[in-house]
Structures are given as C-alpha cells and as structure tokens.
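Each remark here refers to the structure printed beneath this line.
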Amino acid sequence: MDPTAPYVTHRADNTGGGQVLGLFTDLVDGADWLLGHWYVLALMIAVCWAVGELVVRRLAAKASAERMALELVPNRHFDPGLEEIFRRGVQLARASTAMPWWAPRRAKSVQVRLRADGSAPLRYRIEGPAGGERLLSITPFGPDVTVKRGRPIADKPRTHTVRAEFILRGKLTAPLREVPLTPDPLQPLVDAVADLRAGLGDLAEIRLDIQRAPKWALKARRLQLMGAARRSERRESQRTARWLRQDAGGIEDSLGRQIQQLLSDKAGPEAGRRLVMPPVPRRVEPAEALGKLADDDHLVRVQLLVMCASNIEGRANARLAQLQAALDVFGGQSRWAMRGWRLGPWRLGADQWPTKGAFERRWSLGQCQPPRANWVRLDELTGLLKPPTTHCRLPVLAGDLPTFEFGDPELLLQGIYRGPDNRERLVATYAEETLFEVGVGKAGGGKTERALAQAIGWAHAGGGLIFVDPHRDSWPRATTFLAHEALMSRIALIDLNGLGSNPRLSSWNPLGMHHGQRAHEVVEAIADAYASALAWDDATAPRALTILTNALTVLVAVNEAACQAGRPEDQATIFHIRALLSDPAFRKAALGAVAGRLEEETRSWWHSVFPTLPPDAYAVVLNPIARLAANPLTRAFLGQPAGVYNIRAAMDTRMIVWVCPGGSGPTDRLLTALLARDLLRAARSRRDTPEERRVPFRPYFDELITLTGAAPETIAAMFEDLRKYRCHVHGMTQLLARLPAAVRLSLVQNASTLATTAGSKSAIAPITAEWGDNPSPDRVATMERFEHFVSLNVRGRRVGPIRLRGPHLNDVFAARARPRSVPALERAALANAQALPLAELTARAAAQLGRVAAFLAEHSPAGGTSSVQLSKEHEFG
C-alpha cells in the first residue's frame with residue numbers, strides 16, 4: 001500500500017461536515033466555559049467600559065476648559081418678539097456644536113445661567129464653546145441688550161447647599177405649556193429669588209444646557225416610542241376582546257337568553273349562538289405617537305440643574321422649593337419635576353450618592369448629560385432663551401440701591417423701601433452721583449418732609465447746605481433733630497419773617513467787597529437779579545439796565561476803595577443807588593473818588609450820556625429799591641455796610657444755612673432774586689479752587705413756584721451749571737406746569753432723582769411721561785400719603801421708578817431728637833449769623849449815607865469834581 005494513504009484517509013475525515021461539527025463543538029465548549037467563568041467576561045466588559053469612560057472624561061474636560069462666557073444686560077425697554085427669541089434659540093443650538101471633532105458629545109452644549117447672588121435681581125449669562133463666541137456675541141435682540149465678556153465667577157463656600165436636577169414628567173411627547181411673553185415668563189423665577197439676602201450667603205442658580213442630539217439618538221427614541229405605542233395598542237385590543245367575550249358569555253348564560261331558546265323553533269346546542277369578532281388593533285399614527293418628536297426641526301435635548309446655598313440652615317431648601325414652584329408655571333401635559341425618589345421624609349436625588357458626584361462634575365465643567373426624557377423644541381424654551389424684559393418686575397436689592405447708614409457722607413437718604421419679603425430698609429443714593437433732585441406732589445404729600453430728612457442726614461454726615469424756605473415751616477420742624485452740640489457751630493439762621501416785637505436779623509450787603517469778591521461779578525449778579533425779578537431784557541428795558549449797571553459799577557468801586565483803605569464799615573449799600581442817581585453832590589463825590597478805578601467807557605457814559613437823561617428815566621430803577629427800603633426788615637437786612645451773610649464762605653466751611661425770605665410779594669421776589677443770583681455767583685466763583693478741593697454743597701429750594709417767580713433764569717442756570725462746581729440743587733414744587741418753561745425743562749432734563757407723591761392726574765402726568773407712563777398717572781394718583789414714586793441714578797444707571805415711603809422725621813431720626821436743646825440751637829444759629837436787634841440795624845442803616853458821604857469827601861481829589869459837569873440843574877432850571 002502507498003505510504004501516503006493513511007494521511008489521505010485522515011484528511012478525508014477532517015473535511016466538510018467534520019470541520020463544521022468541530023467548530024460547533026468548540027463554540028459549545030467556549031459557551032460552557034463562559035457560563036462557568038462568567039465573572040471573567042463581566043470583568044473584561046467593566047475594564048473596557050472604565051477605560052472608555054476615563055478617556056471620554058479626559059477629552060470632555062479638555063474641551064470644557066476652552067469654554068467662553070457672555071453676560072447679557074438688557075435695558076429697561078427690552079421687549080423682544082417671539083421670532084427674535086426663536087432666532088436666539090437657533091443660535092444657541094448651532095453654537096453648541098462649535099467644538100473640535102474629537103470632543104465628546106457631553107461637552108458639546110451651550111449653557112444658559114440664571115444666577116441670583118445679591119449683585120443683581122437675576123443675572124443672565126451664556127457659556128459655551130469658544131468657537132461659538134462670535135456667533136453668540138451678535139444677538140437678534142439688537143441694541144436693547146448689551147453683550148459683554150463674562151468674567152469667571154468664584155463662589156465662596158456656603159454652609160448649606162442643596163442640588164436638584166429636573167426631568168420632564170407626564171406625557172413626554174407633549175410640549176410644555178405655552179407661556180405668554182406678557183408678563184415675562186421669568187417673573188416666577190425672579191419672584192422666587194426676590195427675598196434673597198446676600199448678607200446671609202444666599203445664592204440661587206439655574207443652569208439650562210442645550211444640546212443638539214445626534215440623528216441616531218433621535219431615531220432610537222422614535223423607535224422606542226413607536227414600539228411602546230404599538231404594544232400599548234395591542235394590549236388595549238386584547239383587553240377589549242377579553243371584555244367582549246365576557247360580555248357575550250354573560251348574555252348566553254342569562255335567564256332571558258335561556259327563555260328565548262326554549263321558545264325558539266330552532267333546536268340544538270348551536271341554536272342562537274352569537275359570533276364574537278375580536279377588535280383589530282388600531283393603526284398607530286406616528287404624528288400621534290411621537291408628538292413633538294415627529295419632526296426633526298429645532299429639536300434639542302436639555303439638562304436643567306439647580307443649586308441653592310446659604311449660610312443659614314433651611315434657607316437653601318426653602319429657596320429650592322420656591323424655584324420648583326416657579327418651574328411649575330411651564331408645566332402642562334408635560335412638566336418639570338425633580339429627579340429622584342422620595343421615601344417618607346427622605347429624598348434620594350442629586351444631593352446623595354451615587355448621583356452627587358456626577359452632578360458636581362457636570363456643574364463645575366459645564367457638561368451636558370441629559371435624561372432620556374428631556375427632549376424639547378426651541379419654541380418651548382422661549383421664556384428661558386432671553387434676559388428679563390420690560391414686562392418683568394425686578395426687585396431692588398441692596399446691590400442695586402445701597403442701604404442708608406446714618407453719618408455716612410457718601411450716602412444721601414431717599415426713603416423707605418419695602419421688599420418682596422415685607423422687610424423695610426432705608427435706601428439711599430450715592431452723594432457724588434446725586435447731582436440734581438426734583439420732588440413734585442400735592443401740599444401735605446410729604447415732599448418737604450422727605451427733603452428735610454435728607455438734609456438732616458446730610459448735615460449729620462458733615463455736609464454743608466442751604467435750605468431756602470419762604471414760609472419758614474421747615475425750620476421749627478428741623479430744629480429738634482439738628483440740636484446737637486457738634487452741629488450748633490455750623491448752623492446759621494437768616495430769618496426775615498420778623499417774629500416778635502424786636503426780632504433779631506442777620507445782615508447782607510450785596511455790594512459789599514469785604515469778602516474778596518470780584519467787582520464785575522458782583523455788578524453782574526445784582527443787575528441780572530434785577531432783570532430777572534422785573535422781567536427786564538435788552539428789548540424791553542435797555543435804558544434801565546444801562547443806568548443800573550453803571551450805578552452799580554460806581555458803588556462797587558467805592559466799596560472796593562473803602563475795603564482797601566481798611567474801612568469796610570464805610571461801604572455803600574444797594575439803597576445808595578438812589579443817592580447816586582438823584583443827589584448831584586453825592587454823585588460828584590463818588591465819581592471823583594473812584595475816577596481812577598473806572599474804565600474809560602464808564603466815565604464817558606457818566607460824562608456824556610447821563611446828563612442827557614430826563615429825570616423820570618431812572619424812576620424805574622429806583623422804585624423797586626424804594627419798596628425794599630419801605631420794609632423795615634429788608635431795609636435793616638440789606639442796609640448794613642459789612643454784611644455777615646457770605647454764601648461762598650458757607651460753601652467752603654460746610655455751613656448749614658437756613659434762609660427764610662418771608663413772603664412772595666414783589667418786594668420779597670426782588671430779595672429772593674438777589675439771594676439766588678448771589679448763590680449762583682458764589683458757586684461759579686469756585687473756579688479759583690481745584691475741582692478735587694471743592695467742598696460739596698447742597699442748596700434745597702422749597703416752594704419752587706415762589707422762588708422761580710422771582711428768578712426763573714437763575715434757578716434754571718443752577719440746574720444746568722452748578723454740578724461743575726460741586727453744588728447739587730434739590731427743588732420741591734407742587735406743580736411742574738406752574739414753573740417757567742426754562743426752569744421746568746432744566747429740572748426734568750438734568751434731574752438725577754425724580755420723585756412724585758400723589759396728586760391730580762393732570763399734575764402728575766408730566767412726571768409719569770418721563771417714565772413712559774409706567775407707572776401710570778392713575779396709579780400714582782391713588783397712592784397713600786407720604787408715598788413716592790422715585791427714579792434714581794446709582795452707579796451710572798437708572799433705578800426705578802420704584803415705590804418708596806417717605807421718611808418721617810419722628811420715625812427715622814427718633815434717636816437723634818433733642819427737643820430740650822432747641823432753644824440753645826436757635827441762640828447759636830442767630831449768633832453764627834451775627835443777628836442783631838431790628839432797631840439797632842435800622843439805626844445803623846439810616847446813618848450809613850452820612851458815613852459813605854464822609855468817606856467820599858475824604859478821598860475825593862481836590863477840585864476833582866469841578867472838571868466834570870454832571871448836575872442837571874443847568875439843564876432843567
């Protein structure tokens with residue numbers, strides 16, 4: 001036999017069916033081995049999963065480290081439409097994929113952060129891939145939203161922290177409730193954090209991650225839903241068939257059916273038996289079964305995480321419950337529910353192992369691993385895809401409006417604010433930002449009380465002010481709270497009401513040069529005051545203005561000479577204008593004494609023009625002065641040569657000056673005009689002081705209607721110019737409409753703080769119009785007494801209008817009341833103003849003409865008056 005035969009025979013046995021049988025045997029043996037050593041397979045799978053998860057986590061962490069942040073700040077007019085919000089959602093979904101190709105799916109998301117930490121009512125922040133920054137920086141919201149680069153946020157650790165993840169419950173294919181844009185859908189969330197207190201470490205933050213899901217995940221979800229729908233339909237068909245058979249069997253066994261068979265002609269067991277047709281399962285419609293998942297357009301997966309923290313036990317849990325209730329607003333057939341299980345008093349969720357670690361990783365890295373149920377369309381998220389709009393009622397936090405602290409020179413009291421939690425606090429603005437303030441409201445509404453509280457707080461903080469009150473009601477109201485030893489040396493009272501049999505008055509010489517004023521500024525101030533009070537201008541009274549200006553120029557030169565000679569008690573007063581114009585001897589002596597101090601044009605006018613004027617030409621100038629002289633109070637106040645009143649010195653030394661002009665008649669209007677113009681002159685004279693060395697000073701004008709009737713252009717100029725010299729004006733009036741147009745326009749244009757109490761709708765309408773009629777005049781008109789709507793400037797932005805309760809002195813400053821020290825304060829205030837009895841001042845004023853004439857006689861050059869013929873005796877013999 002051939003020696004190769006055994007080999008061939010062996011090969012023949014291992015071909016064909018033998019190999020298949022051997023392979024099958026090996027597989028069976030392998031399966032049997034795996035069944036006996038199943039833990040080896042499980043270990044291999046676990047190792048592969050762990051290695052894969054580790055690689056994915058490393059890659060995701062690397063991708064998440066390259067994220068950017070944008071902060072969106074809306075203005076008060078932000079009111080987007082549905083299309084604008086939807087376009088923003090499309091941008092967010094598109095930006096979520098702006099990642100490197102190797103980035104894992106969990107890192108490809110855009111995060112919307114809604115954060116409340118006390119710095120703002122609700123900060124709106126977008127975080128996402130760095131590659132999507134250019135896409136997200138330009139929003140469809142236009143200029144109503146400011147987009148700026150967000151800085152990293154580092155939170156201090158809090159004592160108590162709670163976490164929660166929300167998942168869609170209910171009918172998962174149904175959309176969330178369509179929430180209208182008015183009121184703002186974010187309003188429930190804002191209300192939930194409205195009572196947050198940063199001082200207690202309160203913090204609340206909501207993070208919504210948006211992720212574009214892969215096609216395969218959507219298809220798998222659809223297959224799962226369709227399979228579940230078909231199974232449900234089959235179960236329903238089987239249940240229906242079972243009930244049909246039971247119903248048919250019951251009918252066959254019923255007594256009626258048995259009697260019917262006995263009476264029937266048909267015999268046999270099959271007689272009368274009904275045929276039961278089982279129902280056919282209804283065809284499952286994809287649109288009905290899939291709901292919002294039926295179409296691919298703008299479908300995203302979302303992850304909703306919430307964290308609340310506080311240093312006080314229980315506050316974080318309460319805040320989380322408030323936020324959960326706020327999210328219920330979006331719920332319908334589908335709703336947001338907290339993920340986890342509740343076992344009696346315990347909840348197993350994101351705060352416990354094993355889910356806490358995954359929550360913290362996603363929270364810190366901004367990664368998105370949403371639950372399978374969290375599929376939504378972009379139009380379901382319109383309420384969360386935008387910052388708060390103009391329809392959102394935002395609370396005023398301590399970070400928005402500072403809390404007033406007594407004695408702090410940087411704060412200016414504004415009122416009492418009641419927060420959403422019914423806590424009240426005194427709120428303030430920063431003094432350096434409160435440039436001008438306007439308060440409007442009906443009589444007795446509380447505007448003067450509010451101004452007094454502000455002025456008293458400013459005085460106790462070391463600030464200087466002047467309070468001009470024509471009616472004097474504010475002085476006795478304020479003395480109880482100003483009667484402190486530390487303030488008495490700074491308070492001066494200028495009271496022209498003449499109370500008592502022999503009242504004590506201070507003194508003021510508007511023409512006085514003993515305080516170092518500039519001559520041309522003094523002349524200009526008095527001439528402008530005259531023109532303002534008497535409605536003069538170059539068109540209506542050019543000659544009167546010229547006569548008055550030249551007369552003032554001569555008298556100011558006389559006073560300048562007296563002061564340089566060391567004799568300020570020999571200065572002329574405003575009442576000597578009459579002598580200068582009507583007394584030839586006095587005029588010759590005055591012109592001769594100051595001829596060298598006058599400019600050539602002035603000397604030429606007195607030489608060539610004045611002699612040609614008829615005697616009645618200067619009556620219009622002298623009549624107002626005659627009225628001032630007829631009033632013993634104004635005669636004594638203005639008739640002193642070296643007056644004490646010096647508003648420029650009061651500004652620089654932080655004095656507290658109370659000025660009560662005493663009335664609103666023609667004479668009082670001229671005096672008020674002189675005081676107002678002198679205040680404007682003194683403030684402008686601070687040009688000689690570097691800006692950083694100018695001491696802040698606050699004029700308060702009560703009853704602006706009375707004051708502006710005398711000096712409308714002066715008051716308007718104050719509201720336009722004085723901020724440059726660190727003089728910040730506060731004005732109160734009952735009606736804006738009764739103010740002159742120039743004053744009204746300047747007030748409203750430049751007001752840092754605009755406030756109104758209740759009143760008639762017609763009176764309030766000009767103020768509410770500045771706020772866009774929000775609040776409306778109807779709402780403001782029905783406020784309670786001492787309540788105000790106020791708009792404020794804080795850190796360069798407007799706050800409000802918000803509703804404040806006016807500070808009542810007896811409540812706010814009750815601890816500072818010193819009623820027993822009021823007499824001492826009044827004595828000190830009069831002493832600081834160097835007030836003297838009226839009789840003494842009147843006698844000195846009457847003798848002043850002789851003193852001035854004697855001074856002029858001493859200082860007139862020999863024969864100096866003979867060279868100039870100024871007498872009208874030769875003209876009107």
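Ligands are numbered from 1 in the order shown, chains are lettered A, B, ... in the order of the structure tokens, and residues start at 1 in each chain.
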Could you pull the residues within 9 Å of Val743 (chain A), counting only C-alpha atoms, minus those fewer than 5 positions along the same chain, as a list of chain:residue names? A:Thr708, A:Pro712, A:Glu713, A:Thr714, A:Ile715, A:Ala716, A:Ala717, A:Phe719, A:Val748
Produce a file of the selected residues containing C-alpha atoms, as an mmCIF file, in the first residue's frame.
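Produced file result.cif, reproduced below:
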```cif
data_model
loop_
_atom_site.group_PDB
_atom_site.id
_atom_site.type_symbol
_atom_site.label_atom_id
_atom_site.label_comp_id
_atom_site.auth_asym_id
_atom_site.auth_seq_id
_atom_site.Cartn_x
_atom_site.Cartn_y
_atom_site.Cartn_z
ATOM 1 C CA THR A 708 -38.827 130.843 40.335
ATOM 2 C CA PRO A 712 -36.568 131.838 36.746
ATOM 3 C CA GLU A 713 -33.436 132.112 34.643
ATOM 4 C CA THR A 714 -31.228 131.970 37.723
ATOM 5 C CA ILE A 715 -32.844 128.795 39.026
ATOM 6 C CA ALA A 716 -32.649 127.252 35.551
ATOM 7 C CA ALA A 717 -28.962 128.120 35.342
ATOM 8 C CA PHE A 719 -29.855 123.186 37.465
ATOM 9 C CA VAL A 748 -36.548 117.399 34.120
#
```
Quick check for you: according to DSSP on this backbone, which residues of region 277-378 of chain A are classed as strand (DSSP E or B)? Reply as an MDAnalysis selection string. chainID A and resid 299:310 334:338 341:343 346:348 375:377
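Here CA of His460 (chain A) stands at a distance of 15.3 Å from CA of Gln414 (chain A).
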List the spatial neighbours of region 645-652 of chain A as a PyMOL selection string - criterion: any atom at most 9 Å away, only C-alpha atoms, same-chain residues fewer than 6 positions off excluded. chain A and resi 464-466+490+494+506-509+515+678-679+681-683+685-686+694-698+727+833-834
Pick out the closest residue to Ala535 (chain A) from this set: A:Val822, A:Val145, A:Ala711, A:Val47. Count only C-alpha atoms. A:Ala711
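For Gly441 (chain A), the set of protein, DNA and RNA residues having any atom at most 10 Å away, when counting only C-alpha atoms and skipping those fewer than 6 positions along the same chain, is A:Lys447, A:Thr448, A:Met732, A:Thr733, A:Gln734, A:Leu735, A:Leu736, A:Ala755, A:Thr756, A:Thr757, A:Ala758, A:Gly759, A:Ser760, A:Ala763, A:Ile764, A:Ala781, A:Phe786, A:His788.
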All residues 8 Å or closer to Leu72 (chain A), only C-alpha atoms, same chain fewer than 4 positions away omitted, as a CSV table (one decimal) with N, CA and C atoms, in the first residue's frame:
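Saved result, out_5.csv, follows:
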```csv
chain,number,residue,atom,x,y,z
A,123,ARG,N,-29.0,87.6,37.1
A,123,ARG,CA,-28.0,87.8,36.1
A,123,ARG,C,-28.2,86.7,35.0
A,124,TYR,N,-28.1,87.2,33.7
A,124,TYR,CA,-28.3,86.3,32.6
A,124,TYR,C,-27.0,86.1,31.9
A,125,ARG,N,-26.6,84.8,31.8
A,125,ARG,CA,-25.2,84.6,31.3
A,125,ARG,C,-25.3,83.4,30.4
A,126,ILE,N,-24.5,83.4,29.3
A,126,ILE,CA,-24.4,82.3,28.3
A,126,ILE,C,-22.9,81.8,28.4
A,145,VAL,N,-30.1,95.0,24.2
A,145,VAL,CA,-29.3,94.1,25.1
A,145,VAL,C,-27.8,94.3,24.8
A,146,THR,N,-27.1,94.5,25.9
A,146,THR,CA,-25.7,94.7,25.9
A,146,THR,C,-25.0,93.4,26.2
A,147,VAL,N,-24.1,93.0,25.2
A,147,VAL,CA,-23.4,91.7,25.4
A,147,VAL,C,-22.0,92.0,25.7
A,148,LYS,N,-21.5,91.5,26.9
A,148,LYS,CA,-20.1,91.8,27.3
A,148,LYS,C,-19.5,90.5,27.7
A,387,PRO,N,-33.0,87.4,28.3
A,387,PRO,CA,-32.9,88.1,29.7
A,387,PRO,C,-34.3,88.6,30.1
```
Give me the residues near Val609 (chain A) as an MDAnalysis selection string, where near means some atom within 12 Å (using only C-alpha atoms) and where sequence neighbours in that chain fewer than 4 positions away do not count. chainID A and resid 543 546:547 550 601:605 613:614 617 869:870 872
Output N, CA and C atoms of each residue in that selection to a file, as an mmCIF file, in the first residue's frame.
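Just written: selection.cif:
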```cif
data_model
loop_
_atom_site.group_PDB
_atom_site.id
_atom_site.type_symbol
_atom_site.label_atom_id
_atom_site.label_comp_id
_atom_site.auth_asym_id
_atom_site.auth_seq_id
_atom_site.Cartn_x
_atom_site.Cartn_y
_atom_site.Cartn_z
ATOM 1 N N ARG A 543 -32.577 150.924 28.581
ATOM 2 C CA ARG A 543 -32.047 152.086 29.287
ATOM 3 C C ARG A 543 -31.966 151.833 30.779
ATOM 4 N N THR A 546 -28.969 149.771 31.557
ATOM 5 C CA THR A 546 -27.729 150.540 31.437
ATOM 6 C C THR A 546 -27.521 151.448 32.642
ATOM 7 N N ILE A 547 -28.577 152.132 33.069
ATOM 8 C CA ILE A 547 -28.462 153.006 34.235
ATOM 9 C C ILE A 547 -28.074 152.214 35.470
ATOM 10 N N ASN A 550 -24.340 150.915 35.352
ATOM 11 C CA ASN A 550 -23.340 151.949 35.595
ATOM 12 C C ASN A 550 -23.375 152.435 37.040
ATOM 13 N N GLU A 601 -14.887 153.793 29.313
ATOM 14 C CA GLU A 601 -16.254 153.742 28.792
ATOM 15 C C GLU A 601 -17.265 154.143 29.852
ATOM 16 N N THR A 602 -17.053 153.701 31.094
ATOM 17 C CA THR A 602 -17.968 154.066 32.178
ATOM 18 C C THR A 602 -17.891 155.552 32.473
ATOM 19 N N ARG A 603 -16.663 156.080 32.551
ATOM 20 C CA ARG A 603 -16.525 157.519 32.798
ATOM 21 C C ARG A 603 -17.158 158.326 31.676
ATOM 22 N N SER A 604 -17.002 157.853 30.446
ATOM 23 C CA SER A 604 -17.586 158.566 29.311
ATOM 24 C C SER A 604 -19.103 158.564 29.384
ATOM 25 N N TRP A 605 -19.682 157.417 29.841
ATOM 26 C CA TRP A 605 -21.156 157.364 29.942
ATOM 27 C C TRP A 605 -21.660 158.369 30.954
ATOM 28 N N LEU A 613 -30.193 162.354 30.189
ATOM 29 C CA LEU A 613 -31.373 161.572 30.565
ATOM 30 C C LEU A 613 -32.383 162.453 31.287
ATOM 31 N N PRO A 614 -33.681 162.266 30.989
ATOM 32 C CA PRO A 614 -34.703 163.018 31.724
ATOM 33 C C PRO A 614 -34.811 162.505 33.151
ATOM 34 N N ALA A 617 -36.199 158.996 33.887
ATOM 35 C CA ALA A 617 -35.582 157.839 33.226
ATOM 36 C C ALA A 617 -35.140 156.798 34.222
ATOM 37 N N GLN A 869 -19.090 168.114 34.649
ATOM 38 C CA GLN A 869 -20.398 168.692 34.896
ATOM 39 C C GLN A 869 -21.454 167.591 34.799
ATOM 40 N N LEU A 870 -21.954 167.077 35.961
ATOM 41 C CA LEU A 870 -22.933 166.009 35.988
ATOM 42 C C LEU A 870 -24.267 166.470 36.528
ATOM 43 N N LYS A 872 -27.835 168.264 36.741
ATOM 44 C CA LYS A 872 -28.874 168.595 35.786
ATOM 45 C C LYS A 872 -29.537 169.920 36.107
#
```
For Ala557 (chain A), list every protein, DNA or RNA residue within 8 Å, evaluated using only C-alpha atoms, and leave out those in the same chain fewer than 2 positions away; present the list as a VMD selection string. chain A and resid 519 553 to 555 559 to 561 594 597 to 598
With N, CA, C and O atoms kept, could you save the residues just selected as an mmCIF file, in the first residue's frame?
```cif
data_model
loop_
_atom_site.group_PDB
_atom_site.id
_atom_site.type_symbol
_atom_site.label_atom_id
_atom_site.label_comp_id
_atom_site.auth_asym_id
_atom_site.auth_seq_id
_atom_site.Cartn_x
_atom_site.Cartn_y
_atom_site.Cartn_z
ATOM 1 N N ALA A 519 -15.225 142.530 41.431
ATOM 2 C CA ALA A 519 -16.139 143.646 41.229
ATOM 3 C C ALA A 519 -17.120 143.377 40.087
ATOM 4 O O ALA A 519 -18.337 143.590 40.223
ATOM 5 N N THR A 553 -21.649 149.826 39.095
ATOM 6 C CA THR A 553 -20.210 149.857 38.863
ATOM 7 C C THR A 553 -19.539 150.908 39.735
ATOM 8 O O THR A 553 -18.470 150.680 40.333
ATOM 9 N N VAL A 554 -20.166 152.093 39.851
ATOM 10 C CA VAL A 554 -19.579 153.157 40.669
ATOM 11 C C VAL A 554 -19.606 152.774 42.138
ATOM 12 O O VAL A 554 -18.598 152.919 42.861
ATOM 13 N N LEU A 555 -20.727 152.266 42.635
ATOM 14 C CA LEU A 555 -20.825 151.932 44.056
ATOM 15 C C LEU A 555 -19.891 150.784 44.432
ATOM 16 O O LEU A 555 -19.316 150.782 45.533
ATOM 17 N N ASN A 559 -16.942 150.833 47.237
ATOM 18 C CA ASN A 559 -16.756 149.827 48.294
ATOM 19 C C ASN A 559 -15.378 149.182 48.209
ATOM 20 O O ASN A 559 -14.765 148.843 49.230
ATOM 21 N N GLU A 560 -14.892 148.996 46.996
ATOM 22 C CA GLU A 560 -13.559 148.420 46.838
ATOM 23 C C GLU A 560 -12.519 149.362 47.423
ATOM 24 O O GLU A 560 -11.570 148.937 48.108
ATOM 25 N N ALA A 561 -12.709 150.652 47.197
ATOM 26 C CA ALA A 561 -11.773 151.634 47.761
ATOM 27 C C ALA A 561 -11.864 151.666 49.279
ATOM 28 O O ALA A 561 -10.837 151.779 49.977
ATOM 29 N N VAL A 594 -13.602 157.692 42.780
ATOM 30 C CA VAL A 594 -13.263 156.424 42.109
ATOM 31 C C VAL A 594 -12.970 156.639 40.635
ATOM 32 O O VAL A 594 -13.003 155.690 39.851
ATOM 33 N N ARG A 597 -10.552 154.327 39.201
ATOM 34 C CA ARG A 597 -10.905 152.900 39.219
ATOM 35 C C ARG A 597 -11.887 152.513 38.111
ATOM 36 O O ARG A 597 -12.119 151.335 37.882
ATOM 37 N N LEU A 598 -12.472 153.507 37.481
ATOM 38 C CA LEU A 598 -13.477 153.239 36.458
ATOM 39 C C LEU A 598 -12.827 153.160 35.085
ATOM 40 O O LEU A 598 -11.835 153.845 34.796
#
```
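In this structure, CA of Asp209 (chain A) sits 20.9 Å away from CA of Ala192 (chain A).
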